[in-house]
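Everything on this sheet refers to the single structure shown next.
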Amino acid sequence: MAVSLVGRRVPDRPLRRLPMLLVHLFLIGLGFLYLYPFLWVLASSFKSPGEFFEAGPSLIPAALRWDNYRDAWNIGHFSTYFLNTVIVAVSVTSLVILISSMAGFVLARTAVPGRTVILGGMVALMFLPGGYTIIPTFELVQKLGLLNTLWAVILVQAAGALVFNALLFLGYFLTIGREIEEAARVDGASFPRIYAQIMLPLARPMVATVALFQFMTNWNSFWIPLVFTLGNPALRTLAVGMYAFVGENSTGWTAICAGAVMSILPIMLVFFLLQRHFIEAVAGAIKG
Amino acid sequence: MVPLAARAGQVSLGSGIRRASPYRFLRRHGWSYLFLIPLFALVLPFVVYPLIASVEITLYDWDGIGHPTRYVGLDNFARVIHDPLFWNAFAHTFEYAGVLVPIQLTLALALALVLNNPRLRGAAVYRAIYFAPVVTSAALVGIVVSLLLTSVGQSLNHALLQLGLVREPVDWLGSPTLALPTIIAVGIWHTFGYNLVYFLAGLQSIPRELFEAAAVDGANAWQRFRYITVPMLREVGAVILFLAILGSLQVFDLVLVMTGGGPYYASEVVSTYIYRFAFTPAAVQAEANVGYASAAAFLMGLLVMGLTALQFLAAGVLRRQRAEAAG
């Protein structure tokens, strides 16, 4: 394949294009199979219960039955789950951006005493495995009286993401030149002002990346909302609500499919709108 | 890190000249500390404290209600180590990682090589398609696939029976031999996109001139792959491998929503084992024991940490070897 790169350009005759055409056919076919589960759940969310089994693999429903959505939204409590998920995802994302950028700014730009110790502690925390400390976290939340509130989910999720993102911001702030900041200081800009009006706007690409990933992670999070809403079904997020919905199965499979579409569609739309940014951020993680 | 520390040192030079009073200190660093307070206020109680407390809980026989009082020493650890079901879950966790990681990474590298062809148009579109499942949650993916197996599985079984390929309907998630492999297959599909994008990024960082020069020298496609791509990908590949192993060892959502660890613990992994002991109401599960669950969690955490340390040692050795080879 690299032969054509050497300069002896072979004229594009139809026969030479054939292998590339086959590659495309293969990639399109595989891509269709790859996304089939999502297309299938979208189609099934409009099917009747009978159709769900009789016309199982079909991607074209006989009619658009919006009843499934109505049932999921009302009887399946998806209106509540949807709102909870939006609240959690937006609050955690905002908290993480604000708190980790503030900390990253201080650690990158000032000689605050204890800086080395703080940095060492943060790096050490990155190496300790997460996810196995849920039990004492649960006890603490209970003692603080936050159990069965959305605050528990928001604070625990945000706390878990802070150290990593603060280190990301720290790294980003280190790459920004000091000239603008020093000019502002000479002009008498205060510390919070330099952060909010100069440094944070300069770190906009980092803010966008963190926002994207935090929103996705928190829209999808399951383990923490599951544990912290065990006692109060009204606080379930979409993923947890779906899990419970399947267990209770009060309204049938097609309504569950409608619930799944409502849970997946928003984040899929965000992804396809911003896919380049998304993928470049993921790729950046491995290069850096 | 070194230039950073040096810069910090320069900035603080002035503080030694005059004797610092608490007032001056606060004036100088007050804002900095204020800006760090929110981080500490969340990380100390919700990240650092649980790390320490999780060790203490392991020493008690405790159902999770009120204060732990029945001190049992290392008894919980002894019981975990002697529980065949823990080792059953442990083996499944490693089976999950051990099957998923090689298959997923091989397929991801293969597709990345195809998509990295400069003559392939629309590579970005394909990349987005194969990445898409990653942005959805494992819990939802698990539920959707379970539904799919309920509905399409029935049609599929019908066809398989008619063709005489199977004697009785295949129960993907209900059969002890098929439950875990089915979950692994879904796991491969769900997080494949991450590794595809990682490998693509790695491939794009290899200078094209290397391939061109090799082609001029008469190297065929396989030789170019073997002697350029593979060595150039080694470092990125090690990181990808490490992330894939760590991620798959923590599998929880998929298993919980697809089988709950069943049938008869046939697909139980360590995380669902812990969940079962820690968070199942005592009414359902007589053996609910938070201390015991913590001991199991601690052992698994220790193991994951050990693997992390091992990876860093290996990376260090690799880097030194390369440096020696280069120098």
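Here's how to read the names in the structure tokens: chain A, B, ... by the order shown, residue numbers from 1 in each chain, ligand numbers from 1 in the order shown.
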At a cut-off of 6 Å, using only C-alpha atoms, what residues contact segment 50-62 of chain A? Leave out same-chain residues fewer than 5 positions from it and give the result as a PDB file with C-alpha atoms, in the first residue's frame.
```
ATOM      1  CA  TRP A  40     -32.591  -2.619  17.427  1.00  0.00           C
ATOM      2  CA  ALA A  43     -36.892   0.036  16.659  1.00  0.00           C
TER       3      ALA A  43
ATOM      4  CA  SER B 151     -36.206 -11.125  21.694  1.00  0.00           C
ATOM      5  CA  VAL B 152     -33.781 -11.813  18.853  1.00  0.00           C
TER       6      VAL B 152
END
```
- request: Please run DSSP on the backbone and report, as a count of residues only, all residues within segment 157-221 of chain B that come out as helix (DSSP H, G or I).
  value: 42
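Counting only C-alpha atoms, Ser267 of chain B has the following residues at most 8 Å away, ignoring those fewer than 2 positions along the same chain: Ala89, His92, Pro176, Ala179, Leu180, Val255, Thr259, Gly260, Gly261, Gly262, Pro263, Tyr265 and Val269 of chain B.
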Those selected residues, please, written with C-alpha atoms and delivered as a short mmCIF file (atom, residue, chain, number, x, y, z; two decimals), in the first residue's frame.
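Contents of part36.cif, as written:
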```cif
data_model
loop_
_atom_site.label_atom_id
_atom_site.label_comp_id
_atom_site.auth_asym_id
_atom_site.auth_seq_id
_atom_site.Cartn_x
_atom_site.Cartn_y
_atom_site.Cartn_z
CA ALA B 89 -15.38 -15.09 41.82
CA HIS B 92 -14.02 -15.48 36.95
CA PRO B 176 -23.80 -21.84 33.63
CA ALA B 179 -23.25 -16.87 30.95
CA LEU B 180 -19.67 -15.67 31.50
CA VAL B 255 -22.27 -8.69 35.36
CA THR B 259 -26.82 -12.16 35.36
CA GLY B 260 -26.38 -10.79 38.88
CA GLY B 261 -23.48 -13.27 39.09
CA GLY B 262 -25.66 -16.27 38.36
CA PRO B 263 -26.79 -18.83 37.53
CA TYR B 265 -22.49 -18.06 40.94
CA VAL B 269 -16.87 -11.71 39.82
#
```
statement: What separates atom CA of Val72 of chain B and atom CA of Phe46 of chain B is a distance of 26.1 Å
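Near segment 189-204 of chain B, within a cut-off of 6 Å and counting only C-alpha atoms, sit the residues Ala283 of chain A; Ala108, Ala112, Tyr130, Phe131, Pro133 and Val134 of chain B, with same-chain residues fewer than 4 positions away left out.
Put simply, atom CA of Phe77 of chain B is 8.2 Å away from atom CA of Leu299 of chain B.
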task: Using only C-alpha atoms, find the residues of chain B whose closest atom to chain A is at most 6 Å away, then write them as a ChimeraX atom specification.
output: /B:8,32,35-36,39,42-43,50-51,54,137,151-152,197-198,201,297,301
message: What's around Pro201 of chain A at 12 Å? Count only C-alpha atoms, leave out sequence neighbours fewer than 6 positions away in its own chain, and write the answer as a list in words.
response: Ser101, Phe173, Ile176, Arg193, Ile194, Tyr195, Val207 and Ala208 of chain A
For the selection you just gave me, I'd like the residues written to a file as an mmCIF file, in the first residue's frame, keeping C-alpha atoms.
```cif
data_model
loop_
_atom_site.group_PDB
_atom_site.id
_atom_site.type_symbol
_atom_site.label_atom_id
_atom_site.label_comp_id
_atom_site.auth_asym_id
_atom_site.auth_seq_id
_atom_site.Cartn_x
_atom_site.Cartn_y
_atom_site.Cartn_z
ATOM 1 C CA SER A 101 -9.163 24.194 38.127
ATOM 2 C CA PHE A 173 -1.599 25.808 33.511
ATOM 3 C CA ILE A 176 0.693 28.807 29.700
ATOM 4 C CA ARG A 193 -9.580 37.899 39.275
ATOM 5 C CA ILE A 194 -6.431 36.541 37.658
ATOM 6 C CA TYR A 195 -7.867 33.045 38.048
ATOM 7 C CA VAL A 207 -12.262 22.970 30.515
ATOM 8 C CA ALA A 208 -14.043 21.624 27.429
#
```
- request: Quick one: pull the distance between atom CA of Phe245 of chain A and atom CA of Leu147 of chain B, Å, one decimal.
  value: 12.4 Å
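The shortest atom-to-atom distance to Val153 of chain A, with only C-alpha atoms taken into account, belongs to A:Arg236 out of A:Arg178, A:His277, A:Arg70, A:Arg236.
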message: Which residues are close to Val270 of chain B, i.e. within 9 Å by only C-alpha atoms, leaving aside same-chain residues fewer than 5 positions away? Reply as a PyMOL selection string.
response: chain B and resi 86-93+249-252+275+296-297+300
Please produce an output containing N, CA and C atoms for each residue in the selection, written as a PDB file, in the first residue's frame.
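And here's part26.pdb as it stands now:
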```pdb
ATOM      1  N   PHE B  86     -15.308 -17.216  47.019  1.00  0.00           N
ATOM      2  CA  PHE B  86     -14.447 -16.054  46.747  1.00  0.00           C
ATOM      3  C   PHE B  86     -13.472 -16.401  45.628  1.00  0.00           C
ATOM      4  N   TRP B  87     -12.873 -17.582  45.725  1.00  0.00           N
ATOM      5  CA  TRP B  87     -11.909 -17.985  44.685  1.00  0.00           C
ATOM      6  C   TRP B  87     -12.601 -18.225  43.362  1.00  0.00           C
ATOM      7  N   ASN B  88     -13.865 -18.672  43.451  1.00  0.00           N
ATOM      8  CA  ASN B  88     -14.686 -18.827  42.253  1.00  0.00           C
ATOM      9  C   ASN B  88     -14.845 -17.461  41.563  1.00  0.00           C
ATOM     10  N   ALA B  89     -15.211 -16.437  42.358  1.00  0.00           N
ATOM     11  CA  ALA B  89     -15.380 -15.091  41.823  1.00  0.00           C
ATOM     12  C   ALA B  89     -14.043 -14.536  41.329  1.00  0.00           C
ATOM     13  N   PHE B  90     -13.006 -14.828  42.074  1.00  0.00           N
ATOM     14  CA  PHE B  90     -11.649 -14.384  41.735  1.00  0.00           C
ATOM     15  C   PHE B  90     -11.234 -14.967  40.384  1.00  0.00           C
ATOM     16  N   ALA B  91     -11.467 -16.267  40.216  1.00  0.00           N
ATOM     17  CA  ALA B  91     -11.107 -16.929  38.958  1.00  0.00           C
ATOM     18  C   ALA B  91     -11.903 -16.332  37.799  1.00  0.00           C
ATOM     19  N   HIS B  92     -13.194 -16.063  38.020  1.00  0.00           N
ATOM     20  CA  HIS B  92     -14.018 -15.482  36.955  1.00  0.00           C
ATOM     21  C   HIS B  92     -13.517 -14.095  36.566  1.00  0.00           C
ATOM     22  N   THR B  93     -13.090 -13.312  37.571  1.00  0.00           N
ATOM     23  CA  THR B  93     -12.586 -11.979  37.279  1.00  0.00           C
ATOM     24  C   THR B  93     -11.371 -12.061  36.364  1.00  0.00           C
ATOM     25  N   LEU B 249     -10.455  -5.837  35.200  1.00  0.00           N
ATOM     26  CA  LEU B 249     -10.476  -6.485  36.519  1.00  0.00           C
ATOM     27  C   LEU B 249     -11.546  -5.866  37.421  1.00  0.00           C
ATOM     28  N   GLN B 250     -11.979  -4.652  37.082  1.00  0.00           N
ATOM     29  CA  GLN B 250     -12.963  -3.994  37.942  1.00  0.00           C
ATOM     30  C   GLN B 250     -14.381  -4.173  37.426  1.00  0.00           C
ATOM     31  N   VAL B 251     -14.576  -5.093  36.506  1.00  0.00           N
ATOM     32  CA  VAL B 251     -15.905  -5.288  35.915  1.00  0.00           C
ATOM     33  C   VAL B 251     -16.963  -5.481  37.006  1.00  0.00           C
ATOM     34  N   PHE B 252     -18.057  -4.741  36.865  1.00  0.00           N
ATOM     35  CA  PHE B 252     -19.146  -4.865  37.837  1.00  0.00           C
ATOM     36  C   PHE B 252     -20.513  -4.715  37.162  1.00  0.00           C
ATOM     37  N   TYR B 275     -20.381  -6.848  46.564  1.00  0.00           N
ATOM     38  CA  TYR B 275     -21.684  -6.179  46.595  1.00  0.00           C
ATOM     39  C   TYR B 275     -22.724  -7.054  47.292  1.00  0.00           C
ATOM     40  N   ALA B 296     -12.734  -8.755  51.809  1.00  0.00           N
ATOM     41  CA  ALA B 296     -12.620  -9.210  50.421  1.00  0.00           C
ATOM     42  C   ALA B 296     -12.207  -8.047  49.519  1.00  0.00           C
ATOM     43  N   ALA B 297     -12.822  -6.878  49.743  1.00  0.00           N
ATOM     44  CA  ALA B 297     -12.501  -5.694  48.941  1.00  0.00           C
ATOM     45  C   ALA B 297     -11.050  -5.287  49.145  1.00  0.00           C
ATOM     46  N   MET B 300      -8.689  -7.580  47.247  1.00  0.00           N
ATOM     47  CA  MET B 300      -8.711  -7.308  45.807  1.00  0.00           C
ATOM     48  C   MET B 300      -7.992  -5.989  45.516  1.00  0.00           C
TER      49      MET B 300
END
```
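Using only C-alpha atoms, the nearest neighbour of Thr237 of chain A within the list A:Met199, A:Thr209, A:Asn84, A:Leu146 is A:Asn84.
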